[in-house]
Structure formats: C-alpha cells, structure tokens
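**Student:** One structure, as structure tokens, below. Some questions next.
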Amino acid sequence: MKFFLISITAVIALAFLFSRTASASEMPAVGQLAPDFKVIDQHNQLQSLANYRGKWVVLYFYPKDETPGCTTEACAYRDDFNQVKKLGGEILGVSIDDASSHAEFAANHHLPFPLLADKDGSVSRSYGSERSVLGYKIAKRNTFIIDPNGKIAKVYESVDAGENPKEVIADLKLMVTKQ
C-alpha cells in the first residue's frame, strides 16, 4: 500500500510539473522578431502577421469570449479603435475560442477588429501566452505592441482588462512620435 501511495504521488507530481512546463513557453522579448502566424478570424478570413508589415500591431490575448473581463477589454479596444488607426495601427485579439464563438462575440459587442481563432493554441504558445486551467487550454491576458518592421516593441504581462487599452494607446503614441 505504501508503494502504491508513493507511486500515485509521484505520477501526480510529474503530471503537474509537465502541465506547468508544457504551457510555460517563453514570451518573445522586446526587439525580437514577432512570431508569425496564419489563423482564421471571426469571418473565416486567413490572418497572418506578415499582412500587417508597415503598421503598428496591438496583439492582445484574452482567455474566453463573453466572459466579464474579456468583454471589458474587447469593448475598451473597440472604443479606442479609431485612435489606434490614426496612429497607423491595427488591433488583433487572440483566444483559443473558435471562429463561430468569435463571430458571435464580435457581433454582440460591435467589435471592428479581427479576433483570431487560435483553436490549437499555437499562436498563444508562440507568444508565451497559453496556460492550462483544469485541463483546458486558454490564453493568458497578455498584450504585445509590434512595430512596423515586425519586431516586439512592448510586452504587457497579466494585464488589467480595463486599464491595458489605455496604457497601450499612451505607449503607442510615444512610440509613433519617436519613429
């Protein structure tokens, strides 16, 4: 019985360690080339980071469509959309939800920007923004500003859903004026 308990404890510990390690990929650092991606959005249109070269990109990751924090964040980006456009930027939201969930979320809240359907988590992983909660993969609430050359200009980790869009706009204004 003692051997059985030790074995079970070891298996649980290894499973926990593996799940923590598997979802803890590293975030790209400021100055690094941003990882490219090719995924569909809420309109089933293929989106690639390469298509946004020459523009500033606000790439924000969020856990789940229609949850309170994610709705707050998406609506704040919606409200700031024109400011980002005037600065030569684009907004892209990313979660592990599918395109139909994104379509409903975008329609319900009149979101004017693409929501990327990262169903397999590959985009979230490449940006160090995937985590596992109770066995389900979700995106962490992180944001990246990517410069017109495709390099990471700013990283925001574990952001406040209501405040981050304001921080991003302020930082983007500074970056654009320094360019």
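Naming works like this for the structure tokens: A, B, ... for the chains as they're shown, residue 1 at the start of each chain, ligands 1 onward in shown order.
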Would you mind listing what lies within 12 Å of stretch 105-117 of chain A as a PDB file with C-alpha atoms, in the first residue's frame, with only C-alpha atoms counted and same-chain residues fewer than 6 positions away left out?

**Tutor:**
ATOM      1  CA  PHE A  37       1.002  33.095 -37.563  1.00  0.00           C
ATOM      2  CA  LYS A  38      -1.645  32.004 -40.019  1.00  0.00           C
ATOM      3  CA  VAL A  39      -5.084  31.510 -38.481  1.00  0.00           C
ATOM      4  CA  ILE A  40      -8.655  32.419 -39.347  1.00  0.00           C
ATOM      5  CA  ASP A  41     -10.631  35.224 -37.774  1.00  0.00           C
ATOM      6  CA  GLN A  42     -14.320  35.551 -36.913  1.00  0.00           C
ATOM      7  CA  HIS A  43     -15.141  35.990 -40.624  1.00  0.00           C
ATOM      8  CA  ASN A  44     -13.186  32.840 -41.590  1.00  0.00           C
ATOM      9  CA  GLN A  45     -10.596  35.089 -43.269  1.00  0.00           C
ATOM     10  CA  LEU A  46      -6.996  33.932 -43.061  1.00  0.00           C
ATOM     11  CA  GLN A  47      -4.949  36.329 -40.960  1.00  0.00           C
ATOM     12  CA  SER A  48      -1.167  36.468 -40.913  1.00  0.00           C
ATOM     13  CA  LEU A  49       1.102  38.850 -39.019  1.00  0.00           C
ATOM     14  CA  VAL A  57       0.014  45.991 -34.345  1.00  0.00           C
ATOM     15  CA  VAL A  58      -1.632  45.679 -30.952  1.00  0.00           C
ATOM     16  CA  LEU A  59      -1.862  41.912 -30.431  1.00  0.00           C
ATOM     17  CA  TYR A  60      -3.841  41.137 -27.316  1.00  0.00           C
ATOM     18  CA  PHE A  61      -4.516  37.708 -25.869  1.00  0.00           C
ATOM     19  CA  TYR A  62      -7.592  37.023 -23.769  1.00  0.00           C
ATOM     20  CA  PRO A  63      -8.973  33.884 -22.106  1.00  0.00           C
ATOM     21  CA  LYS A  64     -12.582  33.451 -23.297  1.00  0.00           C
ATOM     22  CA  ASP A  65     -15.285  35.132 -25.369  1.00  0.00           C
ATOM     23  CA  GLU A  66     -18.243  36.625 -23.458  1.00  0.00           C
ATOM     24  CA  THR A  67     -16.628  36.497 -20.014  1.00  0.00           C
ATOM     25  CA  PRO A  68     -16.748  39.716 -17.957  1.00  0.00           C
ATOM     26  CA  CYS A  70     -12.699  39.731 -21.761  1.00  0.00           C
ATOM     27  CA  THR A  71     -15.792  41.718 -22.688  1.00  0.00           C
ATOM     28  CA  THR A  72     -14.486  44.748 -20.760  1.00  0.00           C
ATOM     29  CA  GLU A  73     -11.150  44.535 -22.556  1.00  0.00           C
ATOM     30  CA  ALA A  74     -12.634  43.988 -26.024  1.00  0.00           C
ATOM     31  CA  CYS A  75     -15.049  46.898 -25.614  1.00  0.00           C
ATOM     32  CA  ALA A  76     -12.228  49.171 -24.406  1.00  0.00           C
ATOM     33  CA  TYR A  77     -10.220  48.279 -27.524  1.00  0.00           C
ATOM     34  CA  ARG A  78     -13.364  48.853 -29.607  1.00  0.00           C
ATOM     35  CA  ASP A  79     -13.734  52.316 -28.064  1.00  0.00           C
ATOM     36  CA  ASP A  80     -10.039  53.088 -28.756  1.00  0.00           C
ATOM     37  CA  PHE A  81     -10.061  51.572 -32.252  1.00  0.00           C
ATOM     38  CA  ASN A  82     -10.057  54.909 -34.104  1.00  0.00           C
ATOM     39  CA  VAL A  84      -5.082  53.164 -32.884  1.00  0.00           C
ATOM     40  CA  LYS A  85      -5.975  53.535 -36.583  1.00  0.00           C
ATOM     41  CA  GLY A  89      -2.002  50.694 -36.053  1.00  0.00           C
ATOM     42  CA  GLU A  90      -4.226  47.660 -36.093  1.00  0.00           C
ATOM     43  CA  ILE A  91      -5.777  45.689 -33.243  1.00  0.00           C
ATOM     44  CA  LEU A  92      -5.892  41.889 -33.259  1.00  0.00           C
ATOM     45  CA  GLY A  93      -7.498  39.896 -30.452  1.00  0.00           C
ATOM     46  CA  VAL A  94      -6.491  36.270 -29.870  1.00  0.00           C
ATOM     47  CA  SER A  95      -8.081  33.495 -27.847  1.00  0.00           C
ATOM     48  CA  ILE A  96      -8.372  29.746 -28.138  1.00  0.00           C
ATOM     49  CA  ASP A  97     -12.106  30.014 -28.906  1.00  0.00           C
ATOM     50  CA  ASP A  98     -13.279  29.040 -32.396  1.00  0.00           C
ATOM     51  CA  ALA A  99     -14.298  31.358 -35.245  1.00  0.00           C
ATOM     52  CA  VAL A 123      -0.286  31.362 -31.587  1.00  0.00           C
ATOM     53  CA  SER A 124      -0.752  31.625 -27.831  1.00  0.00           C
ATOM     54  CA  ILE A 138      -6.797  29.155 -22.523  1.00  0.00           C
ATOM     55  CA  ALA A 139      -4.853  32.248 -23.443  1.00  0.00           C
TER      56      ALA A 139
END

**Student:** Residues near stretch 50-55 of chain A, anyone? I mean within 8 Å using only C-alpha atoms, not counting same-chain ones fewer than 6 positions away, as JSON, numbers by chain.

**Tutor:** {"A": [36, 88, 89, 90, 147, 148, 149, 150]}

**Student:** Next, dump the selected residues to file, keeping only N, CA and C atoms, as a short mmCIF file (atom, residue, chain, number, x, y, z; two decimals), in the first residue's frame.

**Tutor:**
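So the final result, stored in selection_4.cif, reads:
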data_model
loop_
_atom_site.label_atom_id
_atom_site.label_comp_id
_atom_site.auth_asym_id
_atom_site.auth_seq_id
_atom_site.Cartn_x
_atom_site.Cartn_y
_atom_site.Cartn_z
N ASP A 36 5.36 34.84 -36.49
CA ASP A 36 4.28 34.96 -37.46
C ASP A 36 3.23 33.90 -37.16
N GLY A 88 -1.66 54.69 -37.11
CA GLY A 88 -1.11 53.75 -38.09
C GLY A 88 -1.10 52.32 -37.59
N GLY A 89 -1.99 52.02 -36.66
CA GLY A 89 -2.00 50.69 -36.05
C GLY A 89 -3.24 49.88 -36.34
N GLU A 90 -3.13 48.63 -35.98
CA GLU A 90 -4.23 47.66 -36.09
C GLU A 90 -4.33 46.93 -34.76
N ASP A 147 6.09 46.50 -33.85
CA ASP A 147 6.39 47.67 -34.67
C ASP A 147 6.20 47.38 -36.16
N PRO A 148 6.26 48.41 -37.01
CA PRO A 148 6.02 48.20 -38.44
C PRO A 148 7.01 47.25 -39.12
N ASN A 149 8.16 46.99 -38.49
CA ASN A 149 9.13 46.05 -39.03
C ASN A 149 8.90 44.63 -38.54
N GLY A 150 7.87 44.42 -37.74
CA GLY A 150 7.55 43.08 -37.25
C GLY A 150 8.29 42.68 -35.99
#

**Student:** Taking only chain A into account, list the residues labelled helix (DSSP H, G or I) by DSSP (computed from the backbone), as a PyMOL selection string.

**Tutor:** chain A and resi 2-22+49-52+68-86+99-109+122-126+164-178

**Student:** Apply DSSP to the backbone of this structure and, from stretch 51-112 of chain A, keep only the residues in strand (DSSP E); write these as a ChimeraX atom specification.

**Tutor:** /A:56-61,89-95

**Student:** In terms of the shortest atom-to-atom distance over only C-alpha atoms, which of A:Ser25, A:Ala103, A:Thr143, A:Gln32 is closest to A:Glu163?

**Tutor:**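 Selected residue with least distance to A:Glu163: A:Thr143.
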
**Student:** Out of A:Arg131, A:Arg125, A:Pro35, A:Leu87, which residue has the shortest atom-to-atom distance to A:Asp171 when counting only C-alpha atoms?

**Tutor:**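 With only C-alpha atoms as the atom set, the closest residue is A:Leu87.
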
**Student:** Find the residue from A:Ser129, A:Ser122, A:Ser101, A:Gln179 that sits nearest to A:Met27; use only C-alpha atoms when measuring.

**Tutor:**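 Closest to A:Met27 of all the choices is A:Ser129.
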
**Student:** Would you list the contacts of A:Val155 as a list of chain:residue names, taking every protein, DNA or RNA residue within 8 Å and counting only C-alpha atoms, but skipping same-chain residues closer than 6 positions in sequence?

**Tutor:** A:Ala29, A:Val30, A:Asn142, A:Thr143, A:Phe144, A:Ile145

**Student:** Generate the output file for the selected residues, C-alpha atoms, as a PDB file, in the first residue's frame.

**Tutor:**
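Saved to again-v5.pdb:
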ATOM      1  CA  ALA A  29      11.348  39.786 -25.832  1.00  0.00           C
ATOM      2  CA  VAL A  30      11.356  43.410 -26.874  1.00  0.00           C
ATOM      3  CA  ASN A 142      -1.110  39.476 -22.282  1.00  0.00           C
ATOM      4  CA  THR A 143      -0.627  42.218 -24.867  1.00  0.00           C
ATOM      5  CA  PHE A 144       2.142  42.938 -27.357  1.00  0.00           C
ATOM      6  CA  ILE A 145       2.849  46.011 -29.441  1.00  0.00           C
TER       7      ILE A 145
END

**Student:** Figure out the distance between atom CA of A:Lys137 and atom CA of A:Ser158, please, to one decimal in Å.

**Tutor:**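 So the two atoms, atom CA of A:Ser158 and atom CA of A:Lys137, lie 16.2 Å apart.
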